[in-house]
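Structure file run08.txt (compact mmCIF, C-alpha atoms) follows.
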```txt
# COMPACT_ATOMS: atom_id res chain seq x y z
CA MET S 1 -56.17 73.28 119.20
CA CYS S 2 -54.89 73.90 115.70
CA VAL S 3 -57.41 74.33 112.94
CA MET S 4 -56.26 74.10 109.39
CA THR S 5 -57.82 76.51 106.96
CA THR S 6 -57.51 76.61 103.21
CA ALA S 7 -54.92 79.35 103.58
CA ASN S 8 -52.41 77.14 105.38
CA ALA S 9 -53.51 73.68 104.24
CA PRO S 10 -50.82 71.73 102.41
CA LEU S 11 -51.35 71.35 98.70
CA PRO S 12 -52.29 67.83 97.69
CA THR S 13 -49.44 65.99 96.06
CA ALA S 14 -49.83 63.67 93.16
CA ALA S 15 -50.20 60.01 93.94
CA PRO S 16 -47.02 58.02 93.51
CA ALA S 17 -46.51 56.39 90.16
CA PRO S 18 -47.89 52.87 89.92
CA VAL S 19 -45.38 50.03 89.88
CA TRP S 20 -46.18 49.16 86.24
CA ALA S 21 -45.40 52.76 85.19
CA ARG S 22 -42.07 52.70 87.04
CA ARG S 23 -41.16 49.41 85.38
CA ALA S 24 -42.19 50.73 81.96
CA ALA S 25 -40.05 53.87 82.44
CA HIS S 26 -37.03 51.76 83.34
CA ALA S 27 -37.74 49.44 80.41
CA ILE S 28 -37.62 52.43 78.05
CA ALA S 29 -34.13 53.29 79.28
CA LEU S 30 -33.06 49.68 78.80
CA CYS S 31 -34.59 49.44 75.30
CA ALA S 32 -32.12 52.02 74.01
CA VAL S 33 -29.05 50.17 75.28
CA PRO S 34 -28.65 47.38 72.66
CA SER S 35 -28.75 49.74 69.66
CA GLY S 36 -26.38 52.14 71.43
CA LEU S 37 -23.92 49.36 72.12
CA TRP S 38 -24.20 48.24 68.49
CA ARG S 39 -23.41 51.79 67.29
CA VAL S 40 -20.48 52.13 69.72
CA ALA S 41 -19.14 48.78 68.53
CA MET S 42 -19.38 50.02 64.94
CA ALA S 43 -17.54 53.23 65.86
CA SER S 44 -14.89 51.24 67.73
CA GLY S 45 -14.04 49.14 64.71
CA VAL S 46 -15.78 45.95 65.80
CA TYR S 47 -17.17 44.10 62.81
CA VAL S 48 -20.95 44.65 62.74
CA GLY S 49 -21.64 43.57 59.19
CA TYR S 50 -20.28 46.50 57.20
CA SER S 51 -17.10 46.25 55.17
CA ASP S 52 -14.26 48.67 55.85
CA GLN S 53 -15.00 50.42 52.57
CA VAL S 54 -18.67 50.97 53.50
CA LEU S 55 -17.67 52.28 56.92
CA ARG S 56 -15.25 54.72 55.27
CA ASP S 57 -17.38 55.83 52.33
CA VAL S 58 -20.89 55.80 53.81
CA PHE S 59 -20.43 56.36 57.54
CA ASP S 60 -17.08 58.25 57.53
CA ILE S 61 -15.57 55.86 60.06
CA PRO S 62 -12.79 56.44 60.97
CA GLY S 63 -13.38 60.18 60.97
CA TRP S 64 -16.26 62.39 61.99
CA GLY S 65 -18.61 59.46 61.70
CA ILE S 66 -17.30 58.17 65.02
CA ALA S 67 -18.38 61.35 66.82
CA TYR S 68 -21.75 61.22 65.06
CA VAL S 69 -22.44 57.57 65.89
CA VAL S 70 -21.29 57.82 69.52
CA GLY S 71 -23.11 61.15 69.94
CA LEU S 72 -26.28 59.61 68.54
CA SER S 73 -26.00 56.76 71.03
CA VAL S 74 -25.52 59.14 73.96
CA LEU S 75 -28.40 61.36 72.81
CA ALA S 76 -30.70 58.36 72.38
CA GLU S 77 -29.91 57.10 75.87
CA LEU S 78 -30.44 60.53 77.42
CA ALA S 79 -33.79 60.79 75.66
CA ALA S 80 -34.68 57.31 76.90
CA LEU S 81 -34.09 58.52 80.46
CA LEU S 82 -36.79 61.23 80.16
CA PRO S 83 -39.62 58.89 81.24
CA LEU S 84 -37.87 58.40 84.57
CA LEU S 85 -38.82 62.02 85.34
CA LEU S 86 -42.45 61.06 84.90
CA VAL S 87 -42.31 58.44 87.64
CA SER S 88 -39.93 60.24 90.00
CA ASP S 89 -41.35 61.66 93.21
CA ARG S 90 -38.20 63.60 94.04
CA TRP S 91 -37.16 65.84 91.18
CA ARG S 92 -39.36 67.98 88.93
CA PRO S 93 -37.45 70.18 86.44
CA LEU S 94 -40.71 71.55 84.96
CA ARG S 95 -44.23 72.22 86.13
CA PRO S 96 -46.37 69.08 85.86
CA GLY S 97 -48.48 70.54 83.05
CA ALA S 98 -45.42 71.50 81.00
CA LEU S 99 -43.80 68.12 81.58
CA ALA S 100 -47.02 66.35 80.58
CA ALA S 101 -47.25 68.41 77.36
CA LEU S 102 -43.60 67.67 76.56
CA SER S 103 -44.16 63.98 77.22
CA TRP S 104 -47.26 63.78 75.01
CA THR S 105 -45.30 65.49 72.26
CA ALA S 106 -42.41 63.06 72.73
CA SER S 107 -44.84 60.12 72.58
CA GLY S 108 -46.30 61.34 69.31
CA VAL S 109 -42.88 61.95 67.81
CA LEU S 110 -41.71 58.50 68.91
CA VAL S 111 -44.67 56.85 67.20
CA LEU S 112 -43.90 58.73 63.98
CA VAL S 113 -40.18 57.93 64.20
CA ALA S 114 -40.91 54.24 64.78
CA LEU S 115 -43.18 54.14 61.73
CA TRP S 116 -40.57 56.01 59.70
CA GLN S 117 -37.85 53.61 60.79
CA LEU S 118 -39.92 50.67 59.62
CA VAL S 119 -40.16 52.29 56.20
CA VAL S 120 -36.42 53.06 56.18
CA ALA S 121 -35.45 49.58 57.36
CA TYR S 122 -37.30 47.92 54.52
CA THR S 123 -36.78 50.35 51.66
CA VAL S 124 -33.47 52.18 51.93
CA GLU S 125 -30.39 50.69 50.39
CA SER S 126 -28.40 50.85 53.65
CA ARG S 127 -29.74 47.38 54.40
CA THR S 128 -27.93 46.16 51.33
CA TYR S 129 -24.59 47.31 52.76
CA MET S 130 -24.71 44.49 55.29
CA SER S 131 -22.41 41.70 54.21
CA SER S 132 -24.31 38.72 55.60
CA GLY S 133 -27.63 37.49 56.88
CA THR S 134 -26.11 36.97 60.32
CA ALA S 135 -25.11 40.64 60.49
CA GLU S 136 -28.66 41.66 59.53
CA THR S 137 -30.04 39.38 62.25
CA VAL S 138 -27.77 40.89 64.88
CA TRP S 139 -28.70 44.37 63.65
CA GLY S 140 -32.39 43.47 63.88
CA ILE S 141 -32.02 42.10 67.40
CA ALA S 142 -30.12 45.21 68.51
CA PHE S 143 -32.69 47.63 67.10
CA ALA S 144 -35.91 45.67 67.75
CA PRO S 145 -36.33 46.90 71.37
CA LEU S 146 -36.59 50.47 70.06
CA PHE S 147 -40.01 49.65 68.63
CA ALA S 148 -41.38 49.03 72.15
CA ILE S 149 -40.48 52.55 73.25
CA PRO S 150 -43.45 54.44 71.70
CA ALA S 151 -46.04 52.21 73.38
CA LEU S 152 -44.20 52.25 76.71
CA MET S 153 -43.72 56.03 76.56
CA THR S 154 -47.39 56.58 75.79
CA ALA S 155 -48.40 54.40 78.75
CA VAL S 156 -46.03 56.19 81.16
CA THR S 157 -47.18 59.60 79.89
CA TRP S 158 -50.83 58.62 80.27
CA SER S 159 -50.18 57.52 83.86
CA TYR S 160 -48.35 60.78 84.64
CA ALA S 161 -51.05 62.96 83.09
CA LYS S 162 -53.79 61.02 84.90
CA ARG S 163 -52.09 61.38 88.29
CA HIS S 164 -51.44 65.09 87.87
CA ARG S 165 -54.89 65.80 86.43
CA ALA S 166 -56.39 64.24 89.57
CA ARG S 167 -54.11 66.45 91.68
CA ARG S 168 -55.23 69.61 89.85
CA GLN S 169 -58.88 68.67 90.27
CA ALA S 170 -58.34 68.13 94.02
CA GLN S 171 -56.90 71.63 94.51
CA PRO S 172 -59.44 74.26 95.57
CA LEU S 173 -59.93 77.23 93.29
CA PRO S 174 -58.36 80.46 94.58
CA ARG S 175 -60.79 83.02 95.96
CA ALA S 176 -60.97 86.39 94.28
```

Would you give me this structure, written as structure tokens?
Amino acid sequence: MCVMTTANAPLPTAAPAPVWARRAAHAIALCAVPSGLWRVAMASGVYVGYSDQVLRDVFDIPGWGIAYVVGLSVLAELAALLPLLLVSDRWRPLRPGALAALSWTASGVLVLVALWQLVVAYTVESRTYMSSGTAETVWGIAFAPLFAIPALMTAVTWSYAKRHRARRQAQPLPRA
């Protein structure tokens, strides 16, 4: 007969992420794709609504602007993959508490960035560089999914924190 004591009892694991949280995490990664493709198209010389002179003078394309625009797209997509860590049951690069704190911080920053981008989109003169209404519409369609990311990230982070808070509360306190 084997009796399990608290000394050799397995630690409770966090419940698996709910299906809605997994879908939201994948949606975040997909939300970054259209704007990234738009930026890569701009860096590749595809007409996206800016004249050649604007690309040269404002965005330094061709030139270092290509590295900046492509790098920004890659960085944005990598950042959009972070929520997949919150729903993964296999790989944990950080302790759950540290990952939760990082995720809450990222959620707050994303909300602020989204608000800032709304201000920039409607006030800065870069909108006036677009040569046509069609180009502005395509630009708007490419960047619109980014505004769903803060709400989705907050929901995924809340789910992660809730699951791991329940796990911490289920663990017995160590004896002195």

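Within 10 Å of the file-frame point (-24.7, 46.7, 60.7), and using all atoms listed in the file, the polymer residues found are Trp38, Arg39, Ala41, Met42, Tyr47, Val48, Gly49, Tyr50, Ser51, Leu55, Ser126, Arg127, Thr128, Tyr129, Met130, Ser131, Ser132, Thr134, Ala135, Glu136, Thr137, Val138, Trp139, Gly140 and Ala142 of chain S.
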
Handout entry: Selection near range 28-35 of chain S, 8 Å with only C-alpha atoms, sequence-local residues under 5 positions removed, as an NGL selection string
Key = :S and (73 or 76-77 or 80-81 or 83 or 142-143 or 145-146 or 148-149 or 152-153)

Exercise for the section: Find the distance between CA of Ser88 in chain S and CA of Ala17 in chain S and write it in Å to one decimal. Expected result: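 If I compute the distance from CA of Ser88 in chain S to CA of Ala17 in chain S, I get 7.6 Å.
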
Practice task
Calculate how many Å separate CA of Arg90 in chain S from CA of Thr154 in chain S, rounding to one decimal.
Solution key: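 Between CA of Arg90 in chain S and CA of Thr154 in chain S the gap is 21.6 Å.
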
Practice task
Please provide the set of residues having any atom within 10 Å of Tyr68 in chain S, restricted to all atoms listed in the file, with same-chain residues fewer than 5 positions apart removed, written as a list in words.
Solution key: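 Listing them by chain and then by number gives Arg39, Ala43, Phe59, Asp60, Ile61, Gly63, Ser73 and Val74 of chain S.
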
What would the file look like if the residues just selected were written as an mmCIF file, in the frame of the given file with C-alpha atoms?
```cif
data_model
loop_
_atom_site.group_PDB
_atom_site.id
_atom_site.type_symbol
_atom_site.label_atom_id
_atom_site.label_comp_id
_atom_site.auth_asym_id
_atom_site.auth_seq_id
_atom_site.Cartn_x
_atom_site.Cartn_y
_atom_site.Cartn_z
ATOM 1 C CA ARG S 39 -23.410 51.790 67.290
ATOM 2 C CA ALA S 43 -17.540 53.230 65.860
ATOM 3 C CA PHE S 59 -20.430 56.360 57.540
ATOM 4 C CA ASP S 60 -17.080 58.250 57.530
ATOM 5 C CA ILE S 61 -15.570 55.860 60.060
ATOM 6 C CA GLY S 63 -13.380 60.180 60.970
ATOM 7 C CA SER S 73 -26.000 56.760 71.030
ATOM 8 C CA VAL S 74 -25.520 59.140 73.960
#
```

Problem - Atom-to-atom span, CA of Ala25 in chain S and CA of Ala114 in chain S, Å - result: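 That distance, rounded to one decimal, is 17.7 Å.
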
Practice task
List the neighbours of Val156 in chain S out to 10 Å using only C-alpha atoms; skip same-chain residues closer than 2 positions along the sequence, and give me the result as a list of chain:residue names.
Solution key: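 Here the qualifying residues turn out to be S:Ala17, S:Pro18, S:Trp20, S:Ala21, S:Arg22, S:Arg23, S:Ala24, S:Ala25, S:Ile28, S:Pro83, S:Leu84, S:Leu86, S:Val87, S:Ser103, S:Trp104, S:Ser107, S:Pro150, S:Ala151, S:Leu152, S:Met153, S:Thr154, S:Trp158, S:Ser159, S:Tyr160, S:Ala161, S:Lys162.
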